[in-house]
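**Q** Enclosed is the structure file input-v5.pdb (PDB, C-alpha atoms and all ligand atoms).
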```pdb
MODEL        1
ATOM      1  CA  MET A   1      24.783  22.901 -21.540
ATOM      2  CA  ILE A   2      28.019  24.407 -22.899
ATOM      3  CA  LYS A   3      28.678  21.111 -24.753
ATOM      4  CA  GLN A   4      25.194  21.300 -26.365
ATOM      5  CA  GLU A   5      25.794  24.908 -27.493
ATOM      6  CA  SER A   6      29.118  24.085 -29.052
ATOM      7  CA  PHE A   7      27.529  21.095 -30.800
ATOM      8  CA  PHE A   8      24.824  23.384 -32.253
ATOM      9  CA  ILE A   9      27.361  26.033 -33.326
ATOM     10  CA  ASN A  10      29.567  23.374 -34.923
ATOM     11  CA  ARG A  11      26.594  22.012 -36.897
ATOM     12  CA  LEU A  12      25.747  25.544 -38.012
ATOM     13  CA  LYS A  13      29.365  26.091 -39.108
ATOM     14  CA  SER A  14      29.286  22.792 -41.050
ATOM     15  CA  VAL A  15      26.145  23.929 -42.895
ATOM     16  CA  GLY A  16      27.970  27.186 -43.695
ATOM     17  CA  TYR A  17      30.981  25.307 -45.121
ATOM     18  CA  ALA A  18      28.682  23.034 -47.147
ATOM     19  CA  PHE A  19      26.787  26.070 -48.481
ATOM     20  CA  ARG A  20      30.123  27.681 -49.442
ATOM     21  CA  GLY A  21      31.072  24.446 -51.272
ATOM     22  CA  ALA A  22      27.761  24.380 -53.152
ATOM     23  CA  LEU A  23      28.214  28.039 -54.194
ATOM     24  CA  LEU A  24      31.797  27.318 -55.294
ATOM     25  CA  LEU A  25      30.579  24.395 -57.433
ATOM     26  CA  LEU A  26      27.908  26.574 -59.047
ATOM     27  CA  LYS A  27      30.337  29.438 -59.718
ATOM     28  CA  THR A  28      33.305  27.447 -61.016
ATOM     29  CA  GLU A  29      32.169  24.103 -62.481
ATOM     30  CA  ALA A  30      30.853  24.215 -66.040
ATOM     31  CA  SER A  31      29.287  20.739 -65.758
ATOM     32  CA  ILE A  32      27.384  21.767 -62.593
ATOM     33  CA  GLN A  33      26.214  24.954 -64.336
ATOM     34  CA  VAL A  34      24.897  22.872 -67.260
ATOM     35  CA  GLN A  35      23.101  20.465 -64.885
ATOM     36  CA  PHE A  36      21.674  23.440 -62.978
ATOM     37  CA  VAL A  37      20.282  25.005 -66.192
ATOM     38  CA  ILE A  38      18.769  21.632 -67.193
ATOM     39  CA  GLY A  39      17.265  21.357 -63.689
ATOM     40  CA  PHE A  40      15.804  24.863 -64.030
ATOM     41  CA  CYS A  41      14.331  24.054 -67.478
ATOM     42  CA  VAL A  42      12.624  20.870 -66.289
ATOM     43  CA  THR A  43      11.303  22.757 -63.257
ATOM     44  CA  VAL A  44       9.711  25.299 -65.639
ATOM     45  CA  ALA A  45       8.374  22.347 -67.690
ATOM     46  CA  GLY A  46       6.943  20.869 -64.489
ATOM     47  CA  PHE A  47       4.885  24.029 -63.885
ATOM     48  CA  TYR A  48       3.924  24.301 -67.565
ATOM     49  CA  PHE A  49       2.671  20.698 -67.792
ATOM     50  CA  LYS A  50       1.228  20.780 -64.248
ATOM     51  CA  ILE A  51       2.889  17.525 -63.228
ATOM     52  CA  SER A  52       1.527  15.666 -60.179
ATOM     53  CA  ALA A  53       2.978  15.752 -56.638
ATOM     54  CA  PHE A  54       4.497  12.295 -57.188
ATOM     55  CA  GLU A  55       6.072  13.441 -60.472
ATOM     56  CA  TRP A  56       7.506  16.524 -58.691
ATOM     57  CA  LEU A  57       8.965  14.195 -56.077
ATOM     58  CA  ILE A  58      10.673  12.030 -58.716
ATOM     59  CA  GLN A  59      11.860  15.092 -60.661
ATOM     60  CA  CYS A  60      13.312  16.814 -57.556
ATOM     61  CA  LEU A  61      15.101  13.608 -56.525
ATOM     62  CA  ALA A  62      16.485  13.122 -60.054
ATOM     63  CA  ILE A  63      17.768  16.729 -60.260
ATOM     64  CA  GLY A  64      19.289  16.511 -56.772
ATOM     65  CA  LEU A  65      20.873  13.137 -57.496
ATOM     66  CA  VAL A  66      22.548  14.230 -60.746
ATOM     67  CA  ILE A  67      23.819  17.574 -59.393
ATOM     68  CA  SER A  68      25.140  16.030 -56.175
ATOM     69  CA  MET A  69      26.818  13.167 -58.091
ATOM     70  CA  GLU A  70      28.444  15.789 -60.324
ATOM     71  CA  GLY A  71      29.676  17.561 -57.174
ATOM     72  CA  ILE A  72      31.155  14.336 -55.784
ATOM     73  CA  ASN A  73      32.780  13.683 -59.177
ATOM     74  CA  THR A  74      34.367  17.158 -59.060
ATOM     75  CA  ALA A  75      35.661  16.517 -55.526
ATOM     76  CA  ILE A  76      37.193  13.182 -56.651
ATOM     77  CA  GLU A  77      38.845  14.883 -59.653
ATOM     78  CA  GLU A  78      40.245  17.656 -57.410
ATOM     79  CA  MET A  79      41.571  15.100 -54.919
ATOM     80  CA  ALA A  80      43.120  12.975 -57.683
ATOM     81  CA  ASN A  81      44.842  16.041 -59.197
ATOM     82  CA  PHE A  82      46.124  17.088 -55.752
ATOM     83  CA  ILE A  83      47.401  13.669 -54.727
ATOM     84  CA  HIS A  84      48.898  12.786 -58.106
ATOM     85  CA  PRO A  85      49.233  15.742 -60.528
ATOM     86  CA  GLU A  86      51.230  13.678 -63.034
ATOM     87  CA  HIS A  87      49.660  11.357 -65.599
ATOM     88  CA  HIS A  88      48.947   7.914 -64.148
ATOM     89  CA  LYS A  89      46.848   4.984 -65.403
ATOM     90  CA  LYS A  90      45.215   4.551 -61.980
ATOM     91  CA  ILE A  91      44.253   8.259 -61.756
ATOM     92  CA  GLY A  92      42.656   7.982 -65.193
ATOM     93  CA  LEU A  93      40.710   4.904 -64.028
ATOM     94  CA  ILE A  94      39.559   6.667 -60.813
ATOM     95  CA  LYS A  95      38.361   9.700 -62.798
ATOM     96  CA  ASP A  96      36.588   7.521 -65.379
ATOM     97  CA  ILE A  97      34.771   5.538 -62.657
ATOM     98  CA  ALA A  98      33.663   8.778 -60.925
ATOM     99  CA  ALA A  99      32.452  10.169 -64.267
ATOM    100  CA  GLY A 100      30.733   6.839 -64.970
ATOM    101  CA  ALA A 101      28.704   7.194 -61.755
ATOM    102  CA  VAL A 102      27.439  10.613 -62.928
ATOM    103  CA  PHE A 103      26.635   9.119 -66.323
ATOM    104  CA  ILE A 104      24.537   6.327 -64.759
ATOM    105  CA  ALA A 105      22.596   8.829 -62.593
ATOM    106  CA  SER A 106      22.055  11.069 -65.652
ATOM    107  CA  VAL A 107      20.777   8.211 -67.853
ATOM    108  CA  PHE A 108      18.225   7.169 -65.213
ATOM    109  CA  ALA A 109      17.210  10.821 -64.626
ATOM    110  CA  CYS A 110      16.604  11.146 -68.396
ATOM    111  CA  ILE A 111      14.506   7.954 -68.365
ATOM    112  CA  ALA A 112      12.456   9.347 -65.442
ATOM    113  CA  GLY A 113      12.006  12.620 -67.374
ATOM    114  CA  LEU A 114      10.850  10.760 -70.498
ATOM    115  CA  ILE A 115       8.357   8.695 -68.439
ATOM    116  CA  ILE A 116       6.919  11.917 -66.959
ATOM    117  CA  TYR A 117       6.824  14.115 -70.090
ATOM    118  CA  ILE A 118       6.296  11.829 -73.116
ATOM    119  CA  PRO A 119       2.612  11.139 -72.233
ATOM    120  CA  LYS A 120       2.073  14.885 -71.682
ATOM    121  CA  ILE A 121       3.679  15.980 -74.966
ATOM    122  CA  PHE A 122       2.280  13.293 -77.284
TER     123      PHE A 122
HETATM  124  N1  LIG A 201      46.354  12.411 -64.277
HETATM  125  C1  LIG A 201      45.751  11.633 -65.170
HETATM  126  N2  LIG A 201      46.262  10.418 -65.471
HETATM  127  C2  LIG A 201      45.646   9.610 -66.366
HETATM  128  N3  LIG A 201      44.540   9.920 -67.049
HETATM  129  C3  LIG A 201      43.981  11.111 -66.799
HETATM  130  C4  LIG A 201      44.564  12.020 -65.859
HETATM  131  N4  LIG A 201      43.797  13.132 -65.823
HETATM  132  C5  LIG A 201      42.794  12.894 -66.673
HETATM  133  N5  LIG A 201      42.891  11.696 -67.260
HETATM  134  C6  LIG A 201      41.961  11.111 -68.231
HETATM  135  O1  LIG A 201      41.314  12.164 -68.939
HETATM  136  C7  LIG A 201      39.914  12.156 -68.657
HETATM  137  C8  LIG A 201      39.437  13.579 -68.490
HETATM  138  O2  LIG A 201      40.027  14.141 -67.342
HETATM  139  P1  LIG A 201      39.662  15.543 -66.770
HETATM  140  O3  LIG A 201      40.344  15.718 -65.462
HETATM  141  O4  LIG A 201      39.922  16.583 -67.805
HETATM  142  O5  LIG A 201      38.136  15.353 -66.525
HETATM  143  P2  LIG A 201      36.874  15.946 -67.274
HETATM  144  O6  LIG A 201      35.908  14.827 -67.434
HETATM  145  O7  LIG A 201      37.298  16.706 -68.477
HETATM  146  O8  LIG A 201      36.396  16.864 -66.097
HETATM  147  P3  LIG A 201      35.794  18.299 -66.031
HETATM  148  O9  LIG A 201      35.642  18.822 -67.426
HETATM  149  O10 LIG A 201      34.520  18.054 -65.320
HETATM  150  O11 LIG A 201      36.801  19.040 -65.200
HETATM  151  C9  LIG A 201      39.753  11.315 -67.397
HETATM  152  O12 LIG A 201      38.486  10.735 -67.290
HETATM  153  C10 LIG A 201      40.855  10.303 -67.567
HETATM  154  O13 LIG A 201      40.435   9.280 -68.433
ENDMDL
END
```
As structure tokens, please, write out the structure in this file.
Ligand SMILES: Nc1ncnc2c1ncn2[C@@H]1O[C@H](COP(=O)(O)OP(=O)(O)OP(=O)(O)O)[C@@H](O)[C@H]1O

**A**
Amino acid sequence: MIKQESFFINRLKSVGYAFRGALLLLKTEASIQVQFVIGFCVTVAGFYFKISAFEWLIQCLAIGLVISMEGINTAIEEMANFIHPEHHKKIGLIKDIAAGAVFIASVFACIAGLIIYIPKIF
């Protein structure tokens, strides 16, 4: 019983730490703030154009994917700077690959957005 309680409290604490991390990203990371504003704008567009439940599903997944990838990219950058603050070819490569992953997610999110909104606008 005690073990179960401590498991539950630990999970609750983990959610708290994760929430703190998400708030920190939103407060301090310009790229996350930009993605968040874009996410807000397309959410407004979703209501304006009355997109379907399936389109909402795709849009929510795309917004979540891009913002979370951006968060992982930030964590990789922070770790790289902490482990090796000096200039190094390998650190540059690691950062470029992490940024590349965000870029790929963003391109596909844009394609999904175009598929949803182009028929509604034109
Ligand atoms: N320590 C380093 N050694 C080698 N190249 C680096 C190093 N730090 C950054 N770079 C190169 O400069 C690029 C930009 O790095 P930076 O850390 O400024 O990321 P950024 O994309 O500007 O991130 P953000 O603006 O989100 O903080 C990297 O993608 C990498 O190519």

**Q** To test your reading of the syntax: which residues would the PyMOL selection byres (((chain A and resi 19-31) around 12) and not hetatm) return for the file shown? Reply as a list in words.

**A**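 Selected by the PyMOL selection byres (((chain A and resi 19-31) around 12) and not hetatm) here: Leu12, Lys13, Ser14, Val15, Gly16, Tyr17, Ala18, Ile32, Gln33, Val34, Gln35, Phe36, Val37, Ile38, Val66, Ile67, Ser68, Met69, Glu70, Gly71, Ile72, Asn73, Thr74, Ala75, Glu77, Glu78, Ala99, Val102 and Phe103 of chain A.
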
**Q** Which one is closest to ligand LIG 201 (chain A): A:Ile76, A:Pro85, A:Ala105, A:Pro119? Count only C-alpha atoms and all ligand atoms.

**A**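 The answer is A:Pro85, which sits nearest to ligand LIG 201 (chain A).
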
**Q** I'd like the interatomic distance between atom CA of Gly92 of chain A and atom O1 of ligand LIG 201 (chain A), to a tenth of an Å.

**A** 5.8 Å

**Q** Kindly indicate which residue among A:Leu114, A:Ile121, A:Leu65, A:Ile91 lies nearest to ligand LIG 201 (chain A), using all atoms listed in the file for the distances.

**A**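 Closest to ligand LIG 201 (chain A), using all atoms listed in the file: A:Ile91.
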
**Q** Quick one: everything within 9 Å of Ala109 of chain A, counting all atoms listed in the file, minus sequence neighbours fewer than 6 positions away in the same chain. Send it as number ranges by chain.

**A** A: 58-59, 61-63, 65-66

**Q** Would you mind exporting the chosen residues as a short mmCIF file (atom, residue, chain, number, x, y, z; two decimals), in the frame of the given file, restricted to C-alpha atoms?

**A**
```cif
data_model
loop_
_atom_site.label_atom_id
_atom_site.label_comp_id
_atom_site.auth_asym_id
_atom_site.auth_seq_id
_atom_site.Cartn_x
_atom_site.Cartn_y
_atom_site.Cartn_z
CA ILE A 58 10.67 12.03 -58.72
CA GLN A 59 11.86 15.09 -60.66
CA LEU A 61 15.10 13.61 -56.52
CA ALA A 62 16.48 13.12 -60.05
CA ILE A 63 17.77 16.73 -60.26
CA LEU A 65 20.87 13.14 -57.50
CA VAL A 66 22.55 14.23 -60.75
#
```

**Q** How big is the axis-aligned box, and where does its centre sit, when it encloses all atoms of ligand LIG 201 (chain A) listed in the file and has 6 Å added on every side, reported in Å to one decimal as lines of an AutoDock Vina configuration file?

**A**
```
center_x = 40.4
center_y = 14.2
center_z = -66.6
size_x = 23.8
size_y = 21.8
size_z = 16.7
```

**Q** Could you check which of A:Gly100, A:Arg11, A:His87, A:Ile111 is closest to ligand LIG 201 (chain A), using all atoms listed in the file?

**A**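 Among the listed residues, A:His87 lies closest to ligand LIG 201 (chain A).
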
**Q** Running the PyMOL selection byres (((chain A and resi 116) around 12) and not hetatm) on this model by hand, what would come out? Give it as number ranges by chain.

**A** A: 42, 45-46, 49-59, 62, 109-115, 117-122

**Q** Figure out the distance between atom CA of Cys60 of chain A and atom O5 of ligand LIG 201 (chain A), please, to one decimal in Å.

**A**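 A separation of 26.4 Å between them.
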
**Q** Please measure the separation of atom C1 of ligand LIG 201 (chain A) and atom CA of Glu86 of chain A, giving the value in Å to one decimal.

**A**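 Separation of atom C1 of ligand LIG 201 (chain A) and atom CA of Glu86 of chain A: 6.2 Å.
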
**Q** Pick from A:Ala101, A:Phe108, A:Phe40, A:Lys95: nearest to ligand LIG 201 (chain A), with only C-alpha atoms and all ligand atoms counted?

**A**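 Looking at the shortest contact to ligand LIG 201 (chain A), the residue is A:Lys95.
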
**Q** Closest to ligand LIG 201 (chain A) among A:Gly64, A:Val107, A:Gly39, A:His88, using all atoms listed in the file?

**A** A:His88

**Q** Considering all atoms listed in the file, can you say which of A:Ala98, A:Met79, A:Ile104, A:Lys89 comes closest to ligand LIG 201 (chain A)?

**A**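 Among the listed residues, the smallest separation from ligand LIG 201 (chain A) belongs to A:Lys89.
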